[in-house]
Structure formats: structure tokens, C-alpha cells
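**Q** Structure supplied as data29.pdb; contents: PDB, C-alpha atoms.
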ATOM      1  CA  MET S 108      73.394  50.223  36.242
ATOM      2  CA  LEU S 109      69.678  50.109  35.903
ATOM      3  CA  THR S 110      67.548  48.753  38.691
ATOM      4  CA  THR S 111      63.886  48.114  38.264
ATOM      5  CA  LYS S 112      61.535  48.067  41.120
ATOM      6  CA  TYR S 113      58.945  45.319  40.884
ATOM      7  CA  THR S 114      55.437  46.564  41.549
ATOM      8  CA  PHE S 115      52.701  44.151  42.409
ATOM      9  CA  PRO S 116      49.892  44.706  39.916
ATOM     10  CA  LYS S 117      46.748  46.121  41.457
ATOM     11  CA  ARG S 118      44.676  43.919  39.202
ATOM     12  CA  THR S 119      46.212  40.748  40.660
ATOM     13  CA  LEU S 120      45.618  41.968  44.187
ATOM     14  CA  LEU S 121      42.020  42.861  43.382
ATOM     15  CA  SER S 122      41.449  39.456  41.777
ATOM     16  CA  ALA S 123      42.870  37.656  44.808
ATOM     17  CA  PHE S 124      40.658  39.704  47.121
ATOM     18  CA  ALA S 125      37.600  38.924  44.972
ATOM     19  CA  VAL S 126      38.332  35.186  45.100
ATOM     20  CA  VAL S 127      38.773  35.244  48.895
ATOM     21  CA  ALA S 128      35.545  37.260  49.300
ATOM     22  CA  LEU S 129      33.651  34.851  47.051
ATOM     23  CA  VAL S 130      34.926  31.812  48.968
ATOM     24  CA  TRP S 131      33.939  33.496  52.261
ATOM     25  CA  LEU S 132      30.431  34.291  50.966
ATOM     26  CA  VAL S 133      29.953  30.735  49.712
ATOM     27  CA  GLY S 134      31.163  29.443  53.091
ATOM     28  CA  CYS S 135      28.671  31.697  54.909
ATOM     29  CA  ALA S 136      25.856  30.535  52.640
ATOM     30  CA  ALA S 137      26.759  26.871  53.152
ATOM     31  CA  LEU S 138      26.962  27.297  56.927
ATOM     32  CA  TYR S 139      23.616  29.137  56.982
ATOM     33  CA  HIS S 140      22.048  26.382  54.870
ATOM     34  CA  ILE S 141      23.264  23.608  57.181
ATOM     35  CA  MET S 142      22.146  25.590  60.258
ATOM     36  CA  ARG S 143      18.572  25.539  58.944
ATOM     37  CA  ARG S 144      18.586  21.726  58.927
ATOM     38  CA  PRO S 145      17.514  19.642  61.945
ATOM     39  CA  PRO S 146      19.904  19.863  64.930
ATOM     40  CA  GLU S 147      21.170  16.301  64.400
ATOM     41  CA  THR S 148      22.240  17.095  60.830
ATOM     42  CA  PHE S 149      23.949  20.312  61.899
ATOM     43  CA  ALA S 150      25.720  18.497  64.748
ATOM     44  CA  ARG S 151      27.106  15.835  62.384
ATOM     45  CA  PHE S 152      28.394  18.563  60.056
ATOM     46  CA  ILE S 153      29.966  20.787  62.716
ATOM     47  CA  ALA S 154      31.610  17.823  64.459
ATOM     48  CA  LYS S 155      33.678  17.173  61.313
ATOM     49  CA  LEU S 156      35.127  20.690  61.160
ATOM     50  CA  PRO S 157      38.584  21.231  62.655
ATOM     51  CA  GLY S 158      38.621  23.097  65.965
ATOM     52  CA  PRO S 159      37.151  26.573  66.221
ATOM     53  CA  VAL S 160      37.405  27.240  62.457
ATOM     54  CA  PRO S 161      33.747  28.220  61.827
ATOM     55  CA  PHE S 162      33.724  30.470  64.883
ATOM     56  CA  LEU S 163      36.841  32.341  63.785
ATOM     57  CA  LEU S 164      36.251  32.661  60.052
ATOM     58  CA  PHE S 165      32.499  33.241  59.839
ATOM     59  CA  PRO S 166      29.937  35.379  61.712
ATOM     60  CA  PHE S 167      28.687  32.215  63.426
ATOM     61  CA  GLU S 168      26.402  33.814  66.024
ATOM     62  CA  THR S 169      24.709  36.117  63.513
ATOM     63  CA  LEU S 170      24.160  33.269  61.060
ATOM     64  CA  TRP S 171      22.787  31.052  63.854
ATOM     65  CA  THR S 172      20.412  33.750  65.098
ATOM     66  CA  HIS S 173      18.972  34.291  61.622
ATOM     67  CA  ALA S 174      18.906  30.612  60.633
ATOM     68  CA  ARG S 175      17.064  29.483  63.771
ATOM     69  CA  ALA S 176      14.771  32.514  64.189
ATOM     70  CA  GLY S 177      11.638  30.734  63.007
ATOM     71  CA  THR S 178       8.523  32.321  61.587
ATOM     72  CA  LEU S 179       6.230  32.648  64.612
ATOM     73  CA  GLN S 180       4.855  36.080  65.346
ATOM     74  CA  VAL S 181       3.238  37.448  68.497
ATOM     75  CA  GLY S 182      -0.321  36.128  68.662
ATOM     76  CA  ASP S 183       0.309  33.042  66.494
ATOM     77  CA  PRO S 184      -0.827  29.718  67.958
ATOM     78  CA  ALA S 185       1.968  27.549  69.319
ATOM     79  CA  PRO S 186       3.026  24.713  67.027
ATOM     80  CA  ASP S 187       1.969  21.259  68.183
ATOM     81  CA  PHE S 188       4.563  19.213  70.065
ATOM     82  CA  SER S 189       4.821  16.195  72.318
ATOM     83  CA  LEU S 190       6.841  15.863  75.534
ATOM     84  CA  THR S 191       7.562  12.903  77.788
ATOM     85  CA  LYS S 192       6.464  13.221  81.410
ATOM     86  CA  LEU S 193       9.183  13.457  84.046
ATOM     87  CA  ASP S 194       8.443   9.938  85.318
ATOM     88  CA  LYS S 195       8.567   8.691  81.686
ATOM     89  CA  SER S 196       5.159   7.011  82.124
ATOM     90  CA  ALA S 197       3.573   8.687  79.097
ATOM     91  CA  SER S 198       3.834  11.644  76.774
ATOM     92  CA  VAL S 199       1.742  14.795  76.673
ATOM     93  CA  ARG S 200       0.710  16.415  73.406
ATOM     94  CA  LEU S 201      -0.160  20.116  73.222
ATOM     95  CA  SER S 202      -3.048  19.600  70.792
ATOM     96  CA  ASN S 203      -4.680  17.084  73.181
ATOM     97  CA  LEU S 204      -4.588  19.618  76.033
ATOM     98  CA  THR S 205      -5.987  22.476  73.968
ATOM     99  CA  ALA S 206      -8.707  20.225  72.477
ATOM    100  CA  GLN S 207      -9.911  19.562  76.038
ATOM    101  CA  GLY S 208     -10.259  23.313  76.577
ATOM    102  CA  ARG S 209      -7.336  23.485  78.985
ATOM    103  CA  SER S 210      -5.094  26.515  79.243
ATOM    104  CA  VAL S 211      -1.411  25.768  78.809
ATOM    105  CA  ALA S 212       1.510  27.816  80.151
ATOM    106  CA  LEU S 213       4.924  27.132  78.674
ATOM    107  CA  ILE S 214       7.775  28.016  81.000
ATOM    108  CA  PHE S 215      11.326  28.024  79.680
ATOM    109  CA  GLY S 216      14.147  28.306  82.127
ATOM    110  CA  SER S 217      15.849  26.703  85.072
ATOM    111  CA  TYR S 218      14.230  25.595  88.284
ATOM    112  CA  THR S 219      17.470  25.650  90.242
TER
END
Any chance you could give the structure as C-alpha cells?

**A**
Amino acid sequence: MLTTKYTFPKRTLLSAFAVVALVWLVGCAALYHIMRRPPETFARFIAKLPGPVPFLLFPFETLWTHARAGTLQVGDPAPDFSLTKLDKSASVRLSNLTAQGRSVALIFGSYT
């Protein structure tokens, strides 16, 4: 009685691995691309994904850090922006303050 042992071809295994790797790379690229969009667009996209899928399958934090890094360097002027006052009576624009010769200090953090 002859018995033959079935061996899984290495070529098939390599092809399957290549397809999975390609799908993962395309997924990373798509996620990186959507992360570079405005926050509202990214929020709409991520809200449609099931559960913690992007956090488990992709290097989410690394992609986010690179996608949102920006291009400012030390010594570059701050980009212009506008903020509403706390009492919501008006808004303040950075370019208006600097045009008046005022110094501006930006403080990021919590006051509590």
C-alpha cells in the first residue's frame, strides 16, 4: 500500500504571503492618505470602520505621527489663525496682533 504525503507548495504559500503583504501596504497607504485630510474628513472615515480594526491591523500611531507632523521648522513664523474669545464677543487673528507690533505667546496645555 502506497501512501503519499501531501506537501503544501512553497510557491503557493509565498504567493499568499505576498498578497496579504500587498493588501496591508495598500491599507497603510490609504489610512495615511486619509489622515492627511482635514480632521472632519478623517473622523467621518474612521467612524465607519468596525471597532478597533485600524488600531489592531495597522501601525496607527506611527502613521498618525507622520501624517500630522506638519512642515514647520524651528524659527519659522507661526501660520496665521483666528480664535474666538472666551466670552464669544469677537475673534482674534494672529496676523492682526503681529501687524500692531505686539508680541504673542502661545501656550498649549491645561489650566487645571

**Q** Give me, as a list in words, all polymer residues having an atom no more than 9 Å from S:Asp187, counting all atoms listed in the file and skipping those fewer than 2 positions away in the same chain.

**A** Pro184, Ala185, Ser189, Arg200, Leu201 and Ser202 of chain S

**Q** In Å, how far is it from atom CA of S:Ile141 to atom CA of S:Leu190?

**A**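 For atom CA of S:Ile141 relative to atom CA of S:Leu190, the distance reads 25.8 Å.
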
**Q** Between atom CA of S:Arg144 and atom CA of S:His173, what is the distance, to one decimal in Å?

**A**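 That distance, rounded to one decimal, is 12.9 Å.
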
**Q** What lies within 12 Å of stretch 175-179 of chain S using all atoms listed in the file, ignoring chain neighbours under 4 positions off, as number ranges by chain?

**A** S: 139-146, 149, 167-171, 183-186

**Q** Just how far from atom CA of S:Asn203 is atom CA of S:Phe188, in Å to one decimal?

**A**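 According to the coordinates, atom CA of S:Phe188 and atom CA of S:Asn203 are separated by 10.0 Å.
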
**Q** Taking all atoms listed in the file into account, name the residue in S:Arg118, S:Ala206, S:Leu164, S:Thr172 that is nearest to S:Val130.

**A**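 Smallest distance to S:Val130 is found for S:Leu164.
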
**Q** Just so the selection is clear, what residues does the PyMOL selection byres ((chain S and resi 165) around 8) cover here, as a list of chain:residue names?

**A** S:Trp131, S:Gly134, S:Cys135, S:Pro161, S:Phe162, S:Leu163, S:Leu164, S:Pro166, S:Phe167

**Q** From the options S:Val211, S:Thr119, S:Ser198, S:Leu138, which residue's atoms come nearest to S:Phe152, counting all atoms listed in the file?

**A**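 Closest to S:Phe152, using all atoms listed in the file: S:Leu138.
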